[in-house]
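Enquirer: Provided herewith: start-v2.pdb, PDB, C-alpha atoms.
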```pdb
ATOM      1  CA  MET A   1      -8.700 -11.644  -6.192
ATOM      2  CA  GLN A   2      -8.837  -8.025  -5.289
ATOM      3  CA  LEU A   3      -6.462  -7.419  -8.157
ATOM      4  CA  GLN A   4      -8.732  -9.284 -10.545
ATOM      5  CA  ARG A   5     -11.648  -7.097  -9.501
ATOM      6  CA  HIS A   6      -9.701  -4.004 -10.513
ATOM      7  CA  LEU A   7      -7.949  -5.508 -13.524
ATOM      8  CA  ALA A   8      -9.964  -3.471 -16.013
ATOM      9  CA  GLU A   9      -8.738  -0.300 -14.313
ATOM     10  CA  PHE A  10      -5.113  -1.441 -14.653
ATOM     11  CA  GLU A  11      -5.684  -2.311 -18.302
ATOM     12  CA  ALA A  12      -7.365   1.016 -18.988
ATOM     13  CA  ALA A  13      -4.357   2.735 -17.443
ATOM     14  CA  GLY A  14      -1.986   0.777 -19.708
ATOM     15  CA  VAL A  15      -0.490  -1.285 -16.888
ATOM     16  CA  ALA A  16       0.424  -4.945 -17.456
ATOM     17  CA  VAL A  17       0.039  -7.160 -14.377
ATOM     18  CA  TYR A  18       2.140 -10.234 -13.511
ATOM     19  CA  ALA A  19       2.086 -12.419 -10.417
ATOM     20  CA  ILE A  20       4.981 -14.773  -9.726
ATOM     21  CA  SER A  21       5.173 -17.594  -7.198
ATOM     22  CA  TYR A  22       7.049 -20.873  -6.882
ATOM     23  CA  ASP A  23       3.909 -22.938  -7.484
ATOM     24  CA  ALA A  24       3.751 -25.457 -10.314
ATOM     25  CA  PRO A  25       1.652 -24.422 -13.344
ATOM     26  CA  GLU A  26      -1.029 -26.979 -12.376
ATOM     27  CA  VAL A  27      -1.452 -25.338  -8.980
ATOM     28  CA  LEU A  28      -1.736 -21.949 -10.662
ATOM     29  CA  ALA A  29      -4.242 -23.351 -13.166
ATOM     30  CA  ALA A  30      -6.446 -24.624 -10.311
ATOM     31  CA  PHE A  31      -6.170 -21.322  -8.501
ATOM     32  CA  ALA A  32      -6.957 -19.304 -11.641
ATOM     33  CA  ALA A  33      -9.952 -21.507 -12.434
ATOM     34  CA  GLU A  34     -11.364 -21.306  -8.933
ATOM     35  CA  PHE A  35     -11.037 -17.561  -8.600
ATOM     36  CA  GLY A  36     -11.408 -16.484 -12.217
ATOM     37  CA  ILE A  37      -7.907 -15.007 -12.469
ATOM     38  CA  THR A  38      -7.167 -13.833 -16.016
ATOM     39  CA  TYR A  39      -3.860 -11.998 -15.555
ATOM     40  CA  PRO A  40      -0.701 -14.104 -15.849
ATOM     41  CA  LEU A  41       0.049 -16.257 -12.810
ATOM     42  CA  LEU A  42       3.626 -17.290 -13.486
ATOM     43  CA  SER A  43       5.326 -20.399 -12.208
ATOM     44  CA  ASP A  44       8.869 -19.932 -10.936
ATOM     45  CA  ALA A  45       8.949 -23.570  -9.872
ATOM     46  CA  ASP A  46      12.708 -23.757  -9.230
ATOM     47  CA  SER A  47      12.695 -20.227  -7.737
ATOM     48  CA  GLY A  48      15.218 -19.252 -10.408
ATOM     49  CA  VAL A  49      13.800 -15.762 -10.922
ATOM     50  CA  ILE A  50      13.254 -15.319  -7.193
ATOM     51  CA  ARG A  51      16.952 -16.135  -6.625
ATOM     52  CA  ARG A  52      18.109 -13.968  -9.514
ATOM     53  CA  TYR A  53      16.178 -11.048  -8.043
ATOM     54  CA  GLY A  54      17.847 -11.754  -4.701
ATOM     55  CA  ILE A  55      14.558 -12.054  -2.811
ATOM     56  CA  LEU A  56      14.653 -15.724  -1.805
ATOM     57  CA  ASN A  57      13.371 -16.032   1.758
ATOM     58  CA  THR A  58      16.459 -17.394   3.486
ATOM     59  CA  LEU A  59      14.703 -17.618   6.849
ATOM     60  CA  VAL A  60      13.204 -20.813   5.493
ATOM     61  CA  ARG A  61      15.662 -23.712   5.769
ATOM     62  CA  PRO A  62      16.398 -25.730   2.615
ATOM     63  CA  ASP A  63      14.926 -28.843   4.268
ATOM     64  CA  GLU A  64      11.541 -27.189   4.789
ATOM     65  CA  ALA A  65       8.709 -27.910   2.391
ATOM     66  CA  VAL A  66       8.133 -24.242   1.633
ATOM     67  CA  TYR A  67      11.783 -23.540   0.779
ATOM     68  CA  GLY A  68      11.930 -21.420  -2.358
ATOM     69  CA  ILE A  69       9.371 -18.783  -1.415
ATOM     70  CA  PRO A  70      10.338 -15.129  -1.896
ATOM     71  CA  TYR A  71      10.048 -12.229   0.452
ATOM     72  CA  PRO A  72       6.698 -11.103  -0.921
ATOM     73  CA  GLY A  73       6.507  -7.720  -2.541
ATOM     74  CA  SER A  74       5.843  -5.855  -5.737
ATOM     75  CA  TYR A  75       7.583  -3.691  -8.309
ATOM     76  CA  LEU A  76       6.102  -0.983 -10.474
ATOM     77  CA  THR A  77       7.853  -0.182 -13.733
ATOM     78  CA  ASP A  78       7.580   2.591 -16.272
ATOM     79  CA  GLU A  79       7.160   2.158 -20.036
ATOM     80  CA  MET A  80      10.864   1.305 -20.365
ATOM     81  CA  GLY A  81      10.661  -1.410 -17.739
ATOM     82  CA  ALA A  82      12.607   0.539 -15.117
ATOM     83  CA  VAL A  83      11.499   0.204 -11.493
ATOM     84  CA  THR A  84       9.667   3.327 -10.357
ATOM     85  CA  GLU A  85       8.558   2.014  -6.998
ATOM     86  CA  LYS A  86       8.703  -1.146  -4.939
ATOM     87  CA  SER A  87       6.841  -2.330  -1.878
ATOM     88  CA  PHE A  88       8.133  -5.040   0.373
ATOM     89  CA  TYR A  89       6.657  -5.586   3.787
ATOM     90  CA  ARG A  90       7.981  -7.567   6.679
ATOM     91  CA  LEU A  91       4.602  -9.154   7.314
ATOM     92  CA  TYR A  92       3.077 -10.822   4.332
ATOM     93  CA  ARG A  93      -0.492  -9.821   4.973
ATOM     94  CA  VAL A  94       0.388  -6.179   5.439
ATOM     95  CA  ARG A  95       0.506  -5.019   1.890
ATOM     96  CA  PRO A  96      -0.860  -2.111  -0.061
ATOM     97  CA  ALA A  97      -4.427  -2.370  -1.236
ATOM     98  CA  THR A  98      -5.031  -2.614  -4.950
ATOM     99  CA  ARG A  99      -6.673   0.726  -5.509
ATOM    100  CA  ALA A 100      -3.925   2.441  -3.535
ATOM    101  CA  LEU A 101      -1.394   0.867  -5.916
ATOM    102  CA  LEU A 102      -3.282   2.241  -8.882
ATOM    103  CA  LYS A 103      -3.526   5.669  -7.404
ATOM    104  CA  ASP A 104      -0.185   6.115  -5.689
ATOM    105  CA  GLY A 105       1.890   3.919  -7.979
ATOM    106  CA  PHE A 106       0.486   4.784 -11.361
ATOM    107  CA  GLY A 107      -1.282   8.083 -10.751
ATOM    108  CA  VAL A 108      -4.662   6.705 -11.769
ATOM    109  CA  PRO A 109      -7.393   8.839 -10.207
ATOM    110  CA  LEU A 110      -9.883   6.917  -8.125
ATOM    111  CA  THR A 111     -13.226   7.981  -9.532
ATOM    112  CA  PRO A 112     -15.948   7.451  -8.850
ATOM    113  CA  GLN A 113     -15.431   7.027  -5.146
ATOM    114  CA  SER A 114     -17.058   3.744  -4.268
ATOM    115  CA  GLY A 115     -15.942   3.471  -0.648
ATOM    116  CA  PRO A 116     -17.104   5.221   2.515
ATOM    117  CA  ILE A 117     -16.831   9.009   2.478
ATOM    118  CA  ALA A 118     -17.598  11.856   4.914
ATOM    119  CA  GLU A 119     -17.023  15.582   4.889
ATOM    120  CA  SER A 120     -17.105  18.773   6.882
ATOM    121  CA  THR A 121     -16.874  22.436   5.950
ATOM    122  CA  ALA A 122     -15.503  25.513   7.668
ATOM    123  CA  PRO A 123     -15.150  28.979   6.075
ATOM    124  CA  GLY A 124     -12.740  28.656   3.168
ATOM    125  CA  VAL A 125     -11.797  25.056   3.834
ATOM    126  CA  ARG A 126     -13.738  21.884   3.008
ATOM    127  CA  VAL A 127     -12.429  18.593   4.388
ATOM    128  CA  THR A 128     -13.322  15.230   2.865
ATOM    129  CA  VAL A 129     -12.406  11.864   4.370
ATOM    130  CA  ALA A 130     -12.575   8.847   2.085
ATOM    131  CA  LEU A 131     -11.396   5.262   2.351
ATOM    132  CA  GLY A 132      -9.305   4.028  -0.580
ATOM    133  CA  GLU A 133     -11.270   0.772  -0.719
ATOM    134  CA  GLU A 134     -14.841  -0.318  -0.131
ATOM    135  CA  ALA A 135     -13.907  -1.737   3.272
ATOM    136  CA  LEU A 136     -11.029  -2.381   5.652
ATOM    137  CA  VAL A 137      -9.609  -5.830   5.033
ATOM    138  CA  PHE A 138      -7.980  -7.860   7.786
ATOM    139  CA  GLN A 139      -4.252  -7.028   7.966
ATOM    140  CA  GLN A 140      -4.233  -5.152   4.728
ATOM    141  CA  ARG A 141      -2.916  -1.637   4.400
ATOM    142  CA  VAL A 142      -5.773   0.570   3.228
ATOM    143  CA  PRO A 143      -5.249   4.320   2.905
ATOM    144  CA  LEU A 144      -7.661   6.819   4.370
ATOM    145  CA  TYR A 145      -7.513   9.955   2.235
ATOM    146  CA  VAL A 146      -8.053  13.231   4.046
ATOM    147  CA  THR A 147      -8.548  15.935   1.418
ATOM    148  CA  LEU A 148      -8.658  19.667   2.091
ATOM    149  CA  ASP A 149     -10.120  21.966  -0.549
ATOM    150  CA  LEU A 150      -9.086  25.557  -0.022
ATOM    151  CA  ASP A 151     -10.800  28.593  -1.482
ATOM    152  CA  ASP A 152      -8.732  30.526  -4.018
ATOM    153  CA  GLY A 153      -6.270  32.885  -2.406
ATOM    154  CA  LEU A 154      -6.001  30.860   0.800
ATOM    155  CA  HIS A 155      -3.069  28.800   1.902
ATOM    156  CA  ILE A 156      -2.373  26.639   4.941
ATOM    157  CA  TYR A 157       0.962  25.795   6.510
ATOM    158  CA  ALA A 158       2.814  22.540   6.039
ATOM    159  CA  PRO A 159       3.636  20.330   9.078
ATOM    160  CA  GLY A 160       6.272  21.934  11.265
ATOM    161  CA  ALA A 161       6.224  25.130   9.182
ATOM    162  CA  GLY A 162       7.688  27.284  11.972
ATOM    163  CA  GLY A 163       7.449  31.046  11.980
ATOM    164  CA  GLY A 164       4.824  30.881  14.696
ATOM    165  CA  MET A 165       2.342  29.281  12.290
ATOM    166  CA  LEU A 166       0.404  26.141  13.120
ATOM    167  CA  GLY A 167       1.326  23.483  10.587
ATOM    168  CA  ILE A 168      -1.423  21.128   9.482
ATOM    169  CA  THR A 169      -1.963  17.947  11.476
ATOM    170  CA  ALA A 170      -4.296  15.086  10.609
ATOM    171  CA  GLU A 171      -4.966  12.795  13.518
ATOM    172  CA  VAL A 172      -7.010   9.624  13.148
ATOM    173  CA  ARG A 173      -8.665   8.297  16.293
ATOM    174  CA  ALA A 174      -9.484   4.668  15.798
ATOM    175  CA  PRO A 175     -10.833   1.936  18.074
ATOM    176  CA  ASP A 176      -8.684  -0.961  19.285
ATOM    177  CA  GLY A 177      -7.564  -3.239  16.515
ATOM    178  CA  ILE A 178      -7.329  -0.493  13.892
ATOM    179  CA  GLU A 179      -3.728   0.665  13.553
ATOM    180  CA  THR A 180      -3.008   4.016  11.981
ATOM    181  CA  GLY A 181       0.233   4.860  10.208
ATOM    182  CA  THR A 182       2.068   8.128   9.709
ATOM    183  CA  PRO A 183       0.166  10.596   7.525
ATOM    184  CA  ALA A 184       1.813  11.267   4.154
ATOM    185  CA  PHE A 185       1.562  14.894   3.082
ATOM    186  CA  PRO A 186       2.096  16.208  -0.453
ATOM    187  CA  GLU A 187       4.987  18.483  -1.423
ATOM    188  CA  SER A 188       4.656  21.977  -0.027
ATOM    189  CA  ARG A 189       5.862  25.168  -1.638
ATOM    190  CA  PRO A 190       7.597  28.137  -0.041
ATOM    191  CA  PHE A 191       5.429  31.197   0.443
ATOM    192  CA  ARG A 192       6.285  34.587   1.895
ATOM    193  CA  ILE A 193       3.467  36.610   3.356
ATOM    194  CA  GLU A 194       3.687  40.366   2.682
ATOM    195  CA  GLY A 195       6.079  42.018   5.083
ATOM    196  CA  ALA A 196       7.429  38.747   6.449
ATOM    197  CA  GLU A 197      11.141  38.059   6.305
ATOM    198  CA  GLU A 198      11.254  34.375   5.660
ATOM    199  CA  ALA A 199       9.322  32.097   3.336
ATOM    200  CA  LEU A 200       7.404  29.243   5.010
ATOM    201  CA  PRO A 201       6.234  25.967   3.452
ATOM    202  CA  VAL A 202       2.549  26.081   2.516
ATOM    203  CA  PHE A 203      -0.166  24.192   0.664
ATOM    204  CA  GLU A 204      -2.780  25.701  -1.641
ATOM    205  CA  GLY A 205      -5.723  24.393  -3.640
ATOM    206  CA  THR A 206      -6.443  20.726  -3.003
ATOM    207  CA  ILE A 207      -4.280  18.949  -0.455
ATOM    208  CA  GLU A 208      -4.546  15.197  -0.131
ATOM    209  CA  VAL A 209      -3.152  13.500   2.958
ATOM    210  CA  ALA A 210      -2.970   9.694   3.017
ATOM    211  CA  VAL A 211      -3.149   7.898   6.363
ATOM    212  CA  PRO A 212      -2.537   4.134   6.219
ATOM    213  CA  LEU A 213      -4.980   2.013   8.207
ATOM    214  CA  ILE A 214      -4.461  -1.615   9.114
ATOM    215  CA  SER A 215      -7.196  -3.673  10.712
ATOM    216  CA  THR A 216      -6.189  -6.515  13.008
ATOM    217  CA  ARG A 217      -9.758  -7.100  14.180
ATOM    218  CA  ALA A 218     -11.092 -10.598  13.913
ATOM    219  CA  ASP A 219     -14.729  -9.495  13.867
ATOM    220  CA  VAL A 220     -16.472  -7.785  10.963
ATOM    221  CA  GLU A 221     -18.520  -5.231  12.889
ATOM    222  CA  PRO A 222     -18.234  -1.779  11.278
ATOM    223  CA  VAL A 223     -15.974   0.668  13.121
ATOM    224  CA  THR A 224     -16.255   4.410  13.601
ATOM    225  CA  LEU A 225     -13.155   6.583  13.246
ATOM    226  CA  GLU A 226     -12.752  10.229  14.054
ATOM    227  CA  VAL A 227     -10.414  12.371  12.008
ATOM    228  CA  VAL A 228      -9.208  15.592  13.607
ATOM    229  CA  VAL A 229      -7.658  18.080  11.204
ATOM    230  CA  ARG A 230      -5.988  21.216  12.555
ATOM    231  CA  TYR A 231      -4.604  23.958  10.367
ATOM    232  CA  GLN A 232      -4.005  27.643  10.084
ATOM    233  CA  ALA A 233      -5.181  29.417   6.958
ATOM    234  CA  CYS A 234      -3.949  32.737   5.627
ATOM    235  CA  ASP A 235      -4.508  34.842   2.542
ATOM    236  CA  ASN A 236      -2.029  37.335   1.100
ATOM    237  CA  ARG A 237      -2.634  39.912   3.767
ATOM    238  CA  GLN A 238      -3.697  38.240   6.958
ATOM    239  CA  CYS A 239      -3.787  35.014   8.881
ATOM    240  CA  PHE A 240      -6.837  33.557  10.547
ATOM    241  CA  LEU A 241      -7.017  31.783  13.881
ATOM    242  CA  PRO A 242      -6.073  28.098  13.878
ATOM    243  CA  GLN A 243      -9.062  25.923  13.024
ATOM    244  CA  GLU A 244     -10.060  22.401  13.894
ATOM    245  CA  GLN A 245     -12.440  20.203  11.947
ATOM    246  CA  ARG A 246     -13.641  16.833  13.207
ATOM    247  CA  ILE A 247     -15.073  14.291  10.839
ATOM    248  CA  THR A 248     -16.437  10.901  11.825
ATOM    249  CA  ILE A 249     -16.584   8.101   9.305
ATOM    250  CA  ASP A 250     -18.038   4.594   9.549
ATOM    251  CA  LEU A 251     -15.959   1.908   7.891
ATOM    252  CA  PRO A 252     -17.144  -1.602   7.075
ATOM    253  CA  LEU A 253     -14.762  -4.461   7.860
ATOM    254  CA  GLN A 254     -14.094  -7.427   5.682
ATOM    255  CA  GLY A 255     -12.776 -10.740   6.958
ATOM    256  CA  LEU A 256      -9.819 -12.418   5.370
ATOM    257  CA  ASN A 257     -10.858 -14.518   2.420
ATOM    258  CA  ARG A 258      -8.082 -17.057   2.211
ATOM    259  CA  ALA A 259      -7.602 -18.740  -1.070
ATOM    260  CA  ARG A 260      -7.058 -22.480  -0.962
ATOM    261  CA  PRO A 261      -7.380 -24.351  -4.187
ATOM    262  CA  ARG A 262      -8.643 -27.825  -3.501
ATOM    263  CA  PRO A 263      -6.235 -30.580  -4.512
TER     264      PRO A 263
ATOM    265  CA  MET B   1      20.453  -8.167  37.699
ATOM    266  CA  THR B   2      20.116 -11.706  36.505
ATOM    267  CA  GLN B   3      18.130 -12.473  33.434
ATOM    268  CA  PRO B   4      15.274 -14.882  34.196
ATOM    269  CA  THR B   5      15.832 -17.967  32.141
ATOM    270  CA  ASP B   6      12.341 -17.982  30.669
ATOM    271  CA  ASP B   7      13.106 -14.622  29.040
ATOM    272  CA  VAL B   8      15.709 -16.203  26.790
ATOM    273  CA  ALA B   9      14.415 -16.122  23.243
ATOM    274  CA  PRO B  10      13.659 -19.649  22.062
ATOM    275  CA  GLU B  11      14.901 -20.892  18.711
ATOM    276  CA  PRO B  12      12.509 -19.639  16.060
ATOM    277  CA  PRO B  13       9.966 -22.303  15.213
ATOM    278  CA  PRO B  14      10.049 -23.689  11.667
ATOM    279  CA  THR B  15       7.014 -21.584  10.790
ATOM    280  CA  GLN B  16       8.881 -18.311  11.454
ATOM    281  CA  ARG B  17       9.100 -16.915   7.942
ATOM    282  CA  ASN B  18       8.735 -13.213   8.497
ATOM    283  CA  PRO B  19      11.812 -11.050   9.001
ATOM    284  CA  THR B  20      11.997  -9.609  12.503
ATOM    285  CA  ASP B  21      13.090  -6.186  11.258
ATOM    286  CA  ASP B  22      13.006  -4.197   8.038
ATOM    287  CA  HIS B  23      16.485  -5.260   6.936
ATOM    288  CA  PHE B  24      15.833  -7.964   4.402
ATOM    289  CA  PRO B  25      16.630  -8.062   0.678
ATOM    290  CA  THR B  26      14.086  -6.482  -1.661
ATOM    291  CA  GLY B  27      15.787  -7.071  -4.992
ATOM    292  CA  PRO B  28      16.242  -4.652  -7.910
ATOM    293  CA  GLU B  29      16.399  -1.019  -6.854
ATOM    294  CA  VAL B  30      14.275   1.882  -8.030
ATOM    295  CA  GLY B  31      15.690   3.170 -11.325
ATOM    296  CA  MET B  32      17.064  -0.215 -12.421
ATOM    297  CA  VAL B  33      15.497  -2.004 -15.355
ATOM    298  CA  LEU B  34      13.642  -4.993 -13.926
ATOM    299  CA  PRO B  35      15.543  -8.132 -15.008
ATOM    300  CA  ASP B  36      13.716  -9.952 -17.768
ATOM    301  CA  PHE B  37      12.234 -13.414 -17.242
ATOM    302  CA  THR B  38      10.349 -16.092 -19.134
ATOM    303  CA  LEU B  39       8.005 -18.231 -17.043
ATOM    304  CA  THR B  40       5.075 -20.581 -17.611
ATOM    305  CA  ASP B  41       1.620 -19.200 -16.881
ATOM    306  CA  GLN B  42      -1.567 -20.908 -15.651
ATOM    307  CA  HIS B  43      -2.426 -21.964 -19.222
ATOM    308  CA  GLY B  44       0.943 -23.634 -19.736
ATOM    309  CA  ASN B  45       2.210 -20.896 -22.056
ATOM    310  CA  ALA B  46       5.679 -19.391 -21.786
ATOM    311  CA  VAL B  47       5.386 -15.695 -20.998
ATOM    312  CA  ASN B  48       8.304 -13.351 -21.564
ATOM    313  CA  PHE B  49       8.073 -10.237 -19.425
ATOM    314  CA  GLN B  50       9.539  -7.643 -21.789
ATOM    315  CA  GLU B  51       7.875  -9.004 -24.924
ATOM    316  CA  SER B  52       4.396  -9.334 -23.450
ATOM    317  CA  ARG B  53       4.651  -5.985 -21.701
ATOM    318  CA  GLY B  54       5.478  -4.149 -24.917
ATOM    319  CA  SER B  55       5.497  -0.452 -24.069
ATOM    320  CA  ARG B  56       3.083  -0.734 -21.175
ATOM    321  CA  ARG B  57       3.949  -0.010 -17.583
ATOM    322  CA  ALA B  58       3.902  -3.021 -15.311
ATOM    323  CA  LEU B  59       3.021  -4.266 -11.862
ATOM    324  CA  VAL B  60       5.075  -7.355 -10.959
ATOM    325  CA  LEU B  61       4.041  -9.143  -7.780
ATOM    326  CA  PHE B  62       5.961 -11.844  -5.974
ATOM    327  CA  HIS B  63       3.698 -14.079  -3.890
ATOM    328  CA  ARG B  64       4.545 -16.779  -1.405
ATOM    329  CA  SER B  65       2.193 -19.325  -2.879
ATOM    330  CA  ALA B  66      -1.254 -19.700  -4.385
ATOM    331  CA  ARG B  67      -1.716 -22.722  -2.103
ATOM    332  CA  TRP B  68      -1.533 -21.028   1.277
TER     333      TRP B  68
END
```
If you took the structure in this file and wrote it as structure tokens, what would it be?
Expert:
Amino acid sequence: MQLQRHLAEFEAAGVAVYAISYDAPEVLAAFAAEFGITYPLLSDADSGVIRRYGILNTLVRPDEAVYGIPYPGSYLTDEMGAVTEKSFYRLYRVRPATRALLKDGFGVPLTPQSGPIAESTAPGVRVTVALGEEALVFQQRVPLYVTLDLDDGLHIYAPGAGGGMLGITAEVRAPDGIETGTPAFPESRPFRIEGAEEALPVFEGTIEVAVPLISTRADVEPVTLEVVVRYQACDNRQCFLPQEQRITIDLPLQGLNRARPRP
Amino acid sequence: MTQPTDDVAPEPPPTQRNPTDDHFPTGPEVGMVLPDFTLTDQHGNAVNFQESRGSRRALVLFHRSARW
């Protein structure tokens, strides 16, 4: 359903969408009618494709009614049909959010930002915190994007840069029931400050850090998170003292909307 | 030290369908061409993956079920 909401964005980006399950076509027809699904819901009723792909869930015994289900996951392909990325998660409900797929999987920029956003500014460095979706959804992986905009001529050091420099850290402080994953940093580039012997990994320009958030909260009260970003900025000649910026952001929560077509 | 008997892991119940660790099969690898398929859609039409995709990129999702 979330996918349907963003289908136009996938189409605009030239991405064809397919969803496969072992349900009979009639079940898929009922589901599509109830939720207005227009992309292909495909029936792999004998699990033939699921088996051929090697993703049959073998934890389910053949005598169980749900035998034939796959390990749920997704593949992204390029124009030639080759897999560029795949996401399989141990827990079914923990899966990447739709807009994150568009952005991280297909490089589609997320504009305009429709979700919660907050920012803070220190000399030379502006920090923006934005949720990748409109809300946190129960047990769904939603990225929180922490973006640093550096003035021209400034650079900051990558995590664990060494050389006595403080590498950037992005720490998310969340209330109980909001799990935070490991921050994903972009590629750094080596930079040697004048007079220094060794090159150290740095970032320049706009640096986007993605921190996965997973809500396991049963309630739908909004939550407040604090993001603490620490970094050390330098220009070509000198380095400045390590800085810390703290940004608080309020995030709405959305309950799980389970889809059950009526028989 | 003796292991208390109630610490012995019970047989997984029939509803245990999630892998207990990250070692489970995830199918075709990155770089491989996704194996083609022809399946029936919600309108009863046969859909061939490669033909319908044309030269577009694709997102292919495998779900447990639309029922539950």
Enquirer: Output the residue selection produced by the ChimeraX specification (/B :<6) & /A on the file above, formatted as a PyMOL selection string.
Expert: chain A and resi 14-21+25+28-29+40-43+53-55+59+69+72-79+81-85+90-91+260
Enquirer: Where does the PyMOL selection byres ((chain A and resi 217-229) around 7) land in this file, that is, which residues does it pick, as an MDAnalysis selection string?
Expert: chainID A and resid 138 169:174 177 215:216 230:231 244:255
Enquirer: What is the CA of Ala8 (chain A) to CA of Glu51 (chain B) distance in Å?
Expert: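 For CA of Ala8 (chain A) relative to CA of Glu51 (chain B), the distance reads 20.7 Å.
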Enquirer: Expressed in Å to a single decimal, how great is the separation between CA of Arg52 (chain A) and CA of Glu26 (chain A)?
Expert: 23.3 Å
Enquirer: Rounded to one decimal place, report the CA of Met165 (chain A)-CA of Glu208 (chain A) distance in Å.
Expert: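 Going from CA of Met165 (chain A) over to CA of Glu208 (chain A) covers 20.0 Å.
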Enquirer: Can you turn the PyMOL selection byres ((chain A and resi 191-195) around 9) into a concrete residue list for this file, as a PDB file with C-alpha atoms, in the coordinates of the input?
Expert:
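Output file part24.pdb is given in full below:
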```pdb
ATOM      1  CA  HIS A 155      -3.069  28.800   1.902  1.00  0.00           C
ATOM      2  CA  ARG A 189       5.862  25.168  -1.638  1.00  0.00           C
ATOM      3  CA  PRO A 190       7.597  28.137  -0.041  1.00  0.00           C
ATOM      4  CA  ALA A 196       7.429  38.747   6.449  1.00  0.00           C
ATOM      5  CA  GLU A 197      11.141  38.059   6.305  1.00  0.00           C
ATOM      6  CA  GLU A 198      11.254  34.375   5.660  1.00  0.00           C
ATOM      7  CA  ALA A 199       9.322  32.097   3.336  1.00  0.00           C
ATOM      8  CA  LEU A 200       7.404  29.243   5.010  1.00  0.00           C
ATOM      9  CA  PRO A 201       6.234  25.967   3.452  1.00  0.00           C
ATOM     10  CA  VAL A 202       2.549  26.081   2.516  1.00  0.00           C
ATOM     11  CA  PHE A 203      -0.166  24.192   0.664  1.00  0.00           C
ATOM     12  CA  CYS A 234      -3.949  32.737   5.627  1.00  0.00           C
ATOM     13  CA  ASP A 235      -4.508  34.842   2.542  1.00  0.00           C
ATOM     14  CA  ASN A 236      -2.029  37.335   1.100  1.00  0.00           C
ATOM     15  CA  ARG A 237      -2.634  39.912   3.767  1.00  0.00           C
ATOM     16  CA  GLN A 238      -3.697  38.240   6.958  1.00  0.00           C
TER      17      GLN A 238
END
```
Enquirer: With distances taken over all atoms listed in the file, which residue among A:Glu187, A:Glu64, A:Asp44, A:Asp23 lies nearest Ile207 (chain A)?
Expert: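 With all atoms listed in the file as the atom set, the closest residue is A:Glu187.
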Enquirer: Thr128 (chain A): which residues within 8 Å, counting all atoms listed in the file, same-chain residues fewer than 6 positions away excluded, as a list in words?
Expert: Ile117, Ala118, Glu119, Ser120, Tyr145, Val146, Thr147 and Leu148 of chain A
